[in-house]
Every structure is written in structure tokens, then in C-alpha cells.
Amino acid sequence: MSKRFYLTTAIDYVNGQPHIGHAYEKIVTDVLARAQRSRGREVFLLTGNDEHGQKVQQAAQAEGKSPQTYCDDLAVVWKSFVGKLGLSHDDYVRTTEARHWQVVQAILSQLHAAGHFYKAAYRGLYSTKEETFLTEKDRRADGTFDPAWGEVIELSEDNYYFRLAAHQGWLIEYIEAHPEFIYPDYRRNEVLGFLQNHVLEDLCISRPVARLNWGIPLPFDANFVTYVWFDALSNYVTIPAAHQDPLVLKALNLAGSPATPALELWPADIEVVGKDILKFHAVYWPIMLKVMGLPLPRQLVVHGWWQKEGQKMSKSTGNVVDPIAVIDSWGVDAFRYYLIRELEVGPDGNWTDVGFQARYNAELANGLGNLVNRSLSMLHRYRQGIIPKRSDELAADTARTTLAAQACLDQNELQAALVRIWTLVNRANQYVDQTAPFKLAKDPAQAPRLDEVLYNLAEACRILAVLLWPFLPGTAARIYAQLGLDTVPDRWASAAWGGLEPGRIIGPVVPLFPRRDLK
Ligand code: ME8
């Protein structure tokens, strides 16, 4: 058994509609996962829903449903959403599942027995909306709180706390010694700055049942449920435990189940998260892992936030992008293309309808779509759809693009990878214009030259399918089908020149991205 390349997304709060921020994070993770699969690695991609906490309890109450029924109903919506995005996930965690619960309780018992928690009285300010304790320092100059905190109440209650003070030093050293741990580097600097300039306060890991009962009960005190973030972060190891990951089972002293085949998953190779939840993943989560006796994830990939038309997305103002509507109208690959091509992984992005449509027409319809369509149509028209003998006029161009795209993918530079791939799309389109096969076809003496041109174009299209598979899996498969190939272009190694066999009969040609009038 060898360790799988393990990738995770954040698990989305179940209360709330899936939006492009959620879609983006999943698509970024999916591209990274498929890129690894394409390179021949065994991969495991985990995504899911975060279902406990006050917001869910309140939302369920408002709909007159039990929290479990409420979550069950919404899980259907979220699961169908990830299907719509073409996510190639291997498992889907819901934090209300027994397999997650049981392991969270095992973690809590173990950490409690080892003395990492203590009980103390708290008196102070609390944001119910964000389920977070606030201090006087959080007040604005005029004494009020940012509306983002929602209602801020005075609270007085007992709770369990996780001792963090002893961990600040090693965590700083670890992040300094592992520059690859947090990507991009400005997010790493942000975490280091925070850790170097603040004394870490102990983390409250419980909520009294009297106030909130929708959560995982503390195994050592039935009067409390687990703080939703402690519960949620644990999913990255509870699911490996459910898959009998030997490292996790051993660290948590869990008995394995011989009935389930064991997978080696932990440590995660890449955890993809948004910038707003960086502190949870770069500070609390590493400390939780350290006390569990588990290694840290190899890398946190931290993406920025999307706005729409330069404004924060908000349901109340109607300034939202409905990912499902875009996918239904334009196709999932057009949606995936825009999100990855428009925004590098790291900074904030801005969705504009005009920008989306412009990229669709220029880069997908007139760029890639036109290349494949005219190359294969000419092959039908001039050679009855039969691949001519090999030629290698575009071999150097495709090799250069393949290497460049691979280097970008290895560095999480997904936008740059697409830019590189499009240099090949543009080069091949330019090759059509330069070689003018429609003119060659009129002169029988040019038949050998026309063969060469048509082979080069068909083979460039095939290689583009291989390079595009991590990004646009459906389109890549359609290009293969149009070339008459009955395999999936999911092996990077097959981007080597010359794979298309002479004599093969290609399939019917159908436009990949029909041109659309701009609205
Ligand atoms: O934070 N643009 O869930 P969530 C880009 N349950 N990304 C965005 C975004 C936007 N406009 N809005 C949200 C949670 N996201 C927790 C996670 S993980 C153990 C628990 C991203 O549904 C956000 O940054 O609020 C996060 O990574 C993900 O969507 C889920 O957000």
C-alpha cells in the first residue's frame, strides 16, 4: 500500500446557498487533484459539509425542522452542486455522520486525558452570529461593533479551554523552516506576523448544552457540545480514520475495522482554504495535530475572495453569481475556465458578466473551439477523416508548452498554466493561417504537404486535450472522442508527440463552444 496524494477543501456551512466562492475553491482543488492523477499518482480528494453550530440550529428552527432533517435536505443540494462542478472527489464528509462524530470524540478524550484542556468560567462579550468570543479591543472607535459580528451579547458561563501557550514557539519555527507550508508566501508572512506579535489565547473548545445543543457532545462532560471549528477541522483526519489510515488509527489509539480496506492518506498533501479561515488552518489546526501526535499537512493553499462587478456579493442586494445558472447556460467547462483563467490562486478576484462572455467568445469559441473544429473538419473534408502519416512540425511547440504547463501546475500556478496552454492554441491557429490548408487542397501536387499540415493539427488538438484534462475534463474528453479515440486523456505522459496513429478514422465534429452573441 502506498500513500495517496491527499487533497482537501474547506467544508462548507450547510446553511446558505452554494455560490461562486464555494465553486472556485472546489474547482481549484479539483484541478490540482486531476493534475496529480494525470501524472500517474493515486489521489484522494475530500470535500463536504460543516453541519453543526448555532447558525444551523437557528436556521432549522426558523424552518420548523429538526436540525438533522434540515441538514439532510441541504446535503442533497450541496452534493448535487459538487456533481455539477465536475468535482472528482473520492469522499464527501458530513460532520453529522457517525464515522466523523466517533473520531472527534476519540480525539477529545485523548487530548483531555493528556491534560490539554481545562475548565474555566468566562464572562464577556460574544458574537452569536460568528460563534466567537470578543473582547473590548474588538469595539470600534465609537464603542459599537462591526455589523459583521451580528448581535453581540454579554455572556457568563463555564467552558473548556485548549491550552495553546506552549505551542506558539514551535509553530513559528516550523513555519519559518517550511516555507512551502503556506502558499502563497504573503499569506505565510501574514501568519508569521500574527504569531510573532500576539500572545496566543487559549481556545474555547466547548459550548454549554443549555445554550447550544446541535453539536458533538464532549465525551467527558455531557453538559457541553464541541465548538464547531474544533469539530470541523477534525474532518481532515476523521475521514482518513474511517478509511483505516494506519497513521491516524495509531495516533488516536483506535481499533481498525478489518472489513474496510485501509488507505494511507494522512498527512494531507494540499489543503485548499479561503483567506478568511487561514488562522484556523495555520494556527489552531497545526496545534491540534501536534497534540494528537500527527504530522502537519504538507501545504495550505490559500485562495482569495471573489466579488461581483467590483462589489461584495450579497443576496440582499442581488449582487450574486448563481453558479448553477451559469453552468446550465454556458456549460461547466466554460465556468471552470473563467474562474481559473481570470484569477491566480491567492489574490481577490472580480467576476464580471461582460468579462466572462468576452473570454468565452475570444478564448474558448474563437480560440480552442475554432482550432479543433476547423482542424478536424478539414481532415474530414480533404482526407475522409483518416489520419495521414506522421509529421512533427509542431512537436517542439507542444513539448515546450507541456513542460511549461507542468512547471506551473507543480507551483499551484493554475492561471499561468492556462496562459501557457493557450500559447499552443494560438500557435496552432496561426499555423492554420500560415499553411492555408484550404489552398493546399486545391493543388494535387501539394497533397503530401496537406497530409503533414493535417497531421500536425490533429496531433496538436490531441495533446491539447491531455493538457486541458485537469482544467476542462469534459472538453478534453470530447476532443478525444472527436479524434475517434476511445480512451480518456487523463495521462500527462500521453502528451508526447506522435501518439495519434496514421490510418485512424476520426469521429464526428461538433463545436465545443458555440459562439454566442454578447448581451
Ligand atoms: O468557513 N470567494 O464555511 P463557508 C471565495 N465551514 N471563496 C469564498 C467566498 C468568496 N466570496 N466565500 C466563501 C466555512 N469562500 C467553514 C469551513 S473548514 C474545516 C470549515 C470560501 O461555507 C471560504 O473562504 O463559510 C471557505 O474556504 C469556503 O468558501 C467555505 O466557506
# chains A, B, ... in the order shown; residues from 1 in each chain; ligands from 1
$ residues_near_ligand --ligand "ligand 1" --cutoff "6 Å" --atoms "only C-alpha atoms and all ligand atoms" --output "ChimeraX atom specification"
/A:10-13,21-22,50,232-233,273-276,304-306
$ residues_around --residues "A:Ala59" --least-positions-apart "2" --cutoff "12 Å" --atoms "only C-alpha atoms" --output "PDB file with C-alpha atoms, in the first residue's frame"
ATOM      1  CA  TYR A  13     -21.532  25.583   6.049  1.00  0.00           C
ATOM      2  CA  VAL A  14     -24.657  23.774   5.049  1.00  0.00           C
ATOM      3  CA  ASN A  15     -26.914  26.763   5.778  1.00  0.00           C
ATOM      4  CA  GLY A  16     -26.632  29.068   2.802  1.00  0.00           C
ATOM      5  CA  GLU A  51     -23.329  20.907   9.737  1.00  0.00           C
ATOM      6  CA  HIS A  52     -23.161  21.738  13.423  1.00  0.00           C
ATOM      7  CA  GLY A  53     -23.350  25.001  15.323  1.00  0.00           C
ATOM      8  CA  GLN A  54     -25.695  27.718  16.308  1.00  0.00           C
ATOM      9  CA  LYS A  55     -26.448  29.041  12.851  1.00  0.00           C
ATOM     10  CA  VAL A  56     -27.705  25.666  11.697  1.00  0.00           C
ATOM     11  CA  GLN A  57     -29.742  25.186  14.858  1.00  0.00           C
ATOM     12  CA  GLN A  61     -35.793  26.252  13.932  1.00  0.00           C
ATOM     13  CA  ALA A  62     -36.845  29.080  11.609  1.00  0.00           C
ATOM     14  CA  GLU A  63     -37.965  26.472   9.042  1.00  0.00           C
ATOM     15  CA  GLY A  64     -39.728  24.391  11.675  1.00  0.00           C
ATOM     16  CA  LYS A  65     -37.454  21.404  11.024  1.00  0.00           C
ATOM     17  CA  SER A  66     -35.220  19.356  13.260  1.00  0.00           C
ATOM     18  CA  PRO A  67     -31.570  20.268  12.676  1.00  0.00           C
ATOM     19  CA  GLN A  68     -30.879  16.784  11.302  1.00  0.00           C
ATOM     20  CA  THR A  69     -33.738  16.935   8.785  1.00  0.00           C
ATOM     21  CA  TYR A  70     -32.672  20.436   7.838  1.00  0.00           C
ATOM     22  CA  CYS A  71     -29.087  19.221   7.214  1.00  0.00           C
ATOM     23  CA  LEU A  74     -29.473  20.666   2.342  1.00  0.00           C
ATOM     24  CA  LYS A 129     -23.600  35.133  14.511  1.00  0.00           C
ATOM     25  CA  TRP A 214     -26.603  20.991  17.998  1.00  0.00           C
TER      26      TRP A 214
END
$ residues_around --residues "A:Ala458" --least-positions-apart "3" --cutoff "8 Å" --atoms "only C-alpha atoms" --output "list in words"
Val372, Ser375, Leu376, Ile387, Leu454, Tyr455, Cys461, Arg462, Leu483 and Leu500 of chain A
$ residues_around --residues "A:Thr132" --least-positions-apart "6" --cutoff "9 Å" --atoms "only C-alpha atoms" --output "NGL selection string"
:A and (125-126 or 149)
$ atom_distance --atom1 "atom CA of A:Ala23" --atom2 "atom CA of A:Val103"
28.2 Å
$ select_by_dssp --residues "stretch 167-220 of chain A" --states "helix (DSSP H, G or I)" --output "list of chain:residue names"
A:His167, A:Gln168, A:Gly169, A:Trp170, A:Leu171, A:Ile172, A:Glu173, A:Tyr174, A:Ile175, A:Glu176, A:Ala177, A:Asp185, A:Tyr186, A:Arg187, A:Arg188, A:Asn189, A:Glu190, A:Val191, A:Leu192, A:Gly193, A:Phe194, A:Leu195, A:Gln196, A:Asn197
$ residues_around --residues "A:Asn159" --least-positions-apart "6" --cutoff "10 Å" --atoms "only C-alpha atoms" --output "PyMOL selection string"
chain A and resi 117-122+204-208+223-225
$ closest_atom_pairs --of "stretch 98-192 of chain A" --to "stretch 341-359 of chain A" --cutoff "12 Å" --atoms "only C-alpha atoms" --output "Markdown table"
| residue | atom | partner | partner_atom | distance |
| --- | --- | --- | --- | --- |
| A:Ile182 | CA | A:Gly346 | CA | 11.0 |
| A:Tyr183 | CA | A:Gly346 | CA | 7.9 |
| A:Pro184 | CA | A:Gly346 | CA | 6.2 |
| A:Asp185 | CA | A:Gly346 | CA | 9.4 |
| A:Tyr186 | CA | A:Gly346 | CA | 8.8 |
| A:Arg187 | CA | A:Gly346 | CA | 8.3 |
| A:Arg188 | CA | A:Gly346 | CA | 11.4 |
$ write_last_selection --atoms "N, CA and C atoms" --output "PDB file, in the first residue's frame"
ATOM      1  N   ILE A 182       2.819  27.286   3.725  1.00  0.00           N
ATOM      2  CA  ILE A 182       1.672  28.157   3.418  1.00  0.00           C
ATOM      3  C   ILE A 182       1.928  28.855   2.075  1.00  0.00           C
ATOM      4  N   TYR A 183       1.021  28.629   1.126  1.00  0.00           N
ATOM      5  CA  TYR A 183       1.126  29.215  -0.204  1.00  0.00           C
ATOM      6  C   TYR A 183      -0.084  30.119  -0.416  1.00  0.00           C
ATOM      7  N   PRO A 184       0.054  31.302  -0.983  1.00  0.00           N
ATOM      8  CA  PRO A 184       1.274  31.976  -1.416  1.00  0.00           C
ATOM      9  C   PRO A 184       2.036  32.599  -0.246  1.00  0.00           C
ATOM     10  N   ASP A 185       3.254  33.052  -0.511  1.00  0.00           N
ATOM     11  CA  ASP A 185       4.126  33.454   0.598  1.00  0.00           C
ATOM     12  C   ASP A 185       3.605  34.649   1.391  1.00  0.00           C
ATOM     13  N   TYR A 186       2.789  35.518   0.761  1.00  0.00           N
ATOM     14  CA  TYR A 186       2.288  36.659   1.554  1.00  0.00           C
ATOM     15  C   TYR A 186       1.300  36.197   2.615  1.00  0.00           C
ATOM     16  N   ARG A 187       0.649  35.081   2.384  1.00  0.00           N
ATOM     17  CA  ARG A 187      -0.240  34.549   3.438  1.00  0.00           C
ATOM     18  C   ARG A 187       0.601  33.953   4.565  1.00  0.00           C
ATOM     19  N   ARG A 188       1.729  33.368   4.189  1.00  0.00           N
ATOM     20  CA  ARG A 188       2.644  32.830   5.200  1.00  0.00           C
ATOM     21  C   ARG A 188       3.165  33.973   6.074  1.00  0.00           C
TER      22      ARG A 188
END
$ closest_atom_pairs --of "stretch 67-105 of chain A" --to "stretch 463-471 of chain A" --cutoff "12 Å" --atoms "only C-alpha atoms" --output "JSON lines"
{"residue": "A:Leu85", "atom": "CA", "partner": "A:Phe471", "partner_atom": "CA", "distance": 11.3}
{"residue": "A:Gly86", "atom": "CA", "partner": "A:Phe471", "partner_atom": "CA", "distance": 10.1}
{"residue": "A:Leu87", "atom": "CA", "partner": "A:Pro470", "partner_atom": "CA", "distance": 10.6}
{"residue": "A:Ser88", "atom": "CA", "partner": "A:Pro470", "partner_atom": "CA", "distance": 10.1}
$ atom_distance --atom1 "atom CA of A:His89" --atom2 "atom CA of A:Thr47"
6.8 Å
$ atom_distance --atom1 "atom CA of A:Glu393" --atom2 "atom CA of A:Gln406"
21.6 Å
$ select_by_dssp --residues "stretch 154-330 of chain A" --states "strand (DSSP E)" --output "ChimeraX atom specification"
/A:154-162,182-183,203-204,206-208,217-218,221-226,270-274,300-303,306-308
$ closest_residue --among "A:Asn426, A:Ser156, A:Asn49, A:Thr128" --to "A:Leu212" --atoms "only C-alpha atoms"
A:Thr128
$ residues_around --residues "A:Val509" --least-positions-apart "6" --cutoff "8 Å" --atoms "only C-alpha atoms" --output "count of residues only"
4
$ residues_around --residues "A:Ile175" --least-positions-apart "4" --cutoff "10 Å" --atoms "only C-alpha atoms" --output "PyMOL selection string"
chain A and resi 170-171+179-182+188-189+191-192+282
$ write_last_selection --atoms "C-alpha atoms" --output "PDB file, in the first residue's frame"
ATOM      1  CA  TRP A 170       7.491  25.676  17.790  1.00  0.00           C
ATOM      2  CA  LEU A 171       4.779  26.778  15.380  1.00  0.00           C
ATOM      3  CA  PRO A 179       8.468  27.971   3.507  1.00  0.00           C
ATOM      4  CA  GLU A 180       6.303  25.673   1.350  1.00  0.00           C
ATOM      5  CA  PHE A 181       3.810  25.113   4.193  1.00  0.00           C
ATOM      6  CA  ILE A 182       1.672  28.157   3.418  1.00  0.00           C
ATOM      7  CA  ARG A 188       2.644  32.830   5.200  1.00  0.00           C
ATOM      8  CA  ASN A 189       4.043  36.218   6.195  1.00  0.00           C
ATOM      9  CA  VAL A 191       0.514  34.168   9.778  1.00  0.00           C
ATOM     10  CA  LEU A 192       4.074  34.708  10.969  1.00  0.00           C
ATOM     11  CA  ALA A 282      -2.419  27.729  10.032  1.00  0.00           C
TER      12      ALA A 282
END
$ closest_residue --among "A:Leu424, A:Leu247, A:Ala106, A:Val272" --to "A:Pro217" --atoms "only C-alpha atoms"
A:Ala106
$ decode --residues "stretch 348-378 of chain A" --atoms "N, CA, C and O atoms" --output "compact mmCIF listing (two decimals), in the first residue's frame"
# COMPACT_ATOMS: atom_id res chain seq x y z
N ASP A 348 -7.60 38.47 -4.49
CA ASP A 348 -9.05 38.52 -4.67
C ASP A 348 -9.38 38.68 -6.15
O ASP A 348 -8.59 39.23 -6.91
N GLY A 349 -10.57 38.22 -6.52
CA GLY A 349 -10.97 38.29 -7.92
C GLY A 349 -12.28 39.02 -8.09
O GLY A 349 -13.01 39.26 -7.12
N ASN A 350 -12.57 39.36 -9.33
CA ASN A 350 -13.79 40.10 -9.61
C ASN A 350 -14.49 39.48 -10.81
O ASN A 350 -13.95 39.47 -11.91
N TRP A 351 -15.67 38.93 -10.59
CA TRP A 351 -16.46 38.34 -11.67
C TRP A 351 -17.20 39.48 -12.38
O TRP A 351 -17.87 40.28 -11.73
N THR A 352 -17.06 39.54 -13.71
CA THR A 352 -17.95 40.44 -14.44
C THR A 352 -18.60 39.62 -15.55
O THR A 352 -17.95 38.78 -16.17
N ASP A 353 -19.89 39.88 -15.79
CA ASP A 353 -20.60 39.12 -16.82
C ASP A 353 -19.97 39.38 -18.19
O ASP A 353 -19.82 38.48 -19.01
N VAL A 354 -19.59 40.67 -18.41
CA VAL A 354 -19.01 41.02 -19.70
C VAL A 354 -17.67 40.30 -19.88
O VAL A 354 -17.36 39.77 -20.95
N GLY A 355 -16.88 40.26 -18.80
CA GLY A 355 -15.57 39.59 -18.86
C GLY A 355 -15.74 38.10 -19.13
O GLY A 355 -15.01 37.51 -19.93
N PHE A 356 -16.73 37.50 -18.49
CA PHE A 356 -16.98 36.07 -18.70
C PHE A 356 -17.32 35.81 -20.17
O PHE A 356 -16.75 34.93 -20.80
N GLN A 357 -18.24 36.60 -20.70
CA GLN A 357 -18.68 36.37 -22.07
C GLN A 357 -17.57 36.66 -23.08
O GLN A 357 -17.44 35.97 -24.09
N ALA A 358 -16.74 37.67 -22.74
CA ALA A 358 -15.64 38.01 -23.65
C ALA A 358 -14.62 36.87 -23.69
O ALA A 358 -14.16 36.48 -24.76
N ARG A 359 -14.30 36.31 -22.54
CA ARG A 359 -13.35 35.19 -22.54
C ARG A 359 -13.96 33.98 -23.26
O ARG A 359 -13.28 33.25 -23.97
N TYR A 360 -15.24 33.77 -23.03
CA TYR A 360 -15.91 32.64 -23.69
C TYR A 360 -15.75 32.76 -25.20
O TYR A 360 -15.31 31.82 -25.87
N ASN A 361 -16.09 33.93 -25.73
CA ASN A 361 -16.06 34.06 -27.19
C ASN A 361 -14.64 34.08 -27.73
O ASN A 361 -14.33 33.40 -28.71
N ALA A 362 -13.74 34.84 -27.07
CA ALA A 362 -12.40 35.00 -27.64
C ALA A 362 -11.55 33.75 -27.44
O ALA A 362 -10.91 33.27 -28.38
N GLU A 363 -11.56 33.23 -26.22
CA GLU A 363 -10.59 32.17 -25.90
C GLU A 363 -11.14 30.77 -26.10
O GLU A 363 -10.42 29.87 -26.52
N LEU A 364 -12.43 30.60 -25.78
CA LEU A 364 -13.00 29.26 -25.93
C LEU A 364 -13.60 29.06 -27.33
O LEU A 364 -13.22 28.14 -28.04
N ALA A 365 -14.52 29.92 -27.74
CA ALA A 365 -15.17 29.72 -29.04
C ALA A 365 -14.18 29.98 -30.19
O ALA A 365 -13.92 29.09 -31.00
N ASN A 366 -13.60 31.19 -30.24
CA ASN A 366 -12.72 31.53 -31.37
C ASN A 366 -11.32 30.93 -31.22
O ASN A 366 -10.60 30.79 -32.20
N GLY A 367 -10.92 30.63 -30.01
CA GLY A 367 -9.57 30.08 -29.79
C GLY A 367 -9.57 28.57 -29.90
O GLY A 367 -9.40 28.01 -30.99
N LEU A 368 -9.84 27.91 -28.80
CA LEU A 368 -9.77 26.45 -28.75
C LEU A 368 -10.83 25.79 -29.66
O LEU A 368 -10.53 24.89 -30.45
N GLY A 369 -12.08 26.27 -29.53
CA GLY A 369 -13.18 25.65 -30.27
C GLY A 369 -12.94 25.73 -31.77
O GLY A 369 -13.08 24.74 -32.50
N ASN A 370 -12.56 26.90 -32.24
CA ASN A 370 -12.33 27.09 -33.67
C ASN A 370 -11.18 26.23 -34.17
O ASN A 370 -11.24 25.64 -35.25
N LEU A 371 -10.12 26.12 -33.37
CA LEU A 371 -8.97 25.30 -33.76
C LEU A 371 -9.39 23.85 -33.99
O LEU A 371 -9.11 23.26 -35.03
N VAL A 372 -10.07 23.30 -33.00
CA VAL A 372 -10.45 21.88 -33.10
C VAL A 372 -11.44 21.70 -34.25
O VAL A 372 -11.32 20.78 -35.06
N ASN A 373 -12.40 22.62 -34.31
CA ASN A 373 -13.43 22.49 -35.33
C ASN A 373 -12.86 22.55 -36.74
O ASN A 373 -13.14 21.69 -37.57
N ARG A 374 -12.03 23.54 -37.02
CA ARG A 374 -11.56 23.64 -38.40
C ARG A 374 -10.52 22.57 -38.71
O ARG A 374 -10.49 22.04 -39.81
N SER A 375 -9.72 22.21 -37.72
CA SER A 375 -8.70 21.18 -38.00
C SER A 375 -9.36 19.86 -38.35
O SER A 375 -9.01 19.21 -39.34
N LEU A 376 -10.35 19.46 -37.55
CA LEU A 376 -10.95 18.15 -37.77
C LEU A 376 -11.94 18.18 -38.95
O LEU A 376 -12.08 17.19 -39.67
N SER A 377 -12.58 19.33 -39.16
CA SER A 377 -13.48 19.43 -40.33
C SER A 377 -12.67 19.28 -41.62
O SER A 377 -13.11 18.63 -42.57
N MET A 378 -11.49 19.89 -41.65
CA MET A 378 -10.66 19.78 -42.86
C MET A 378 -10.19 18.33 -43.06
O MET A 378 -10.09 17.86 -44.18
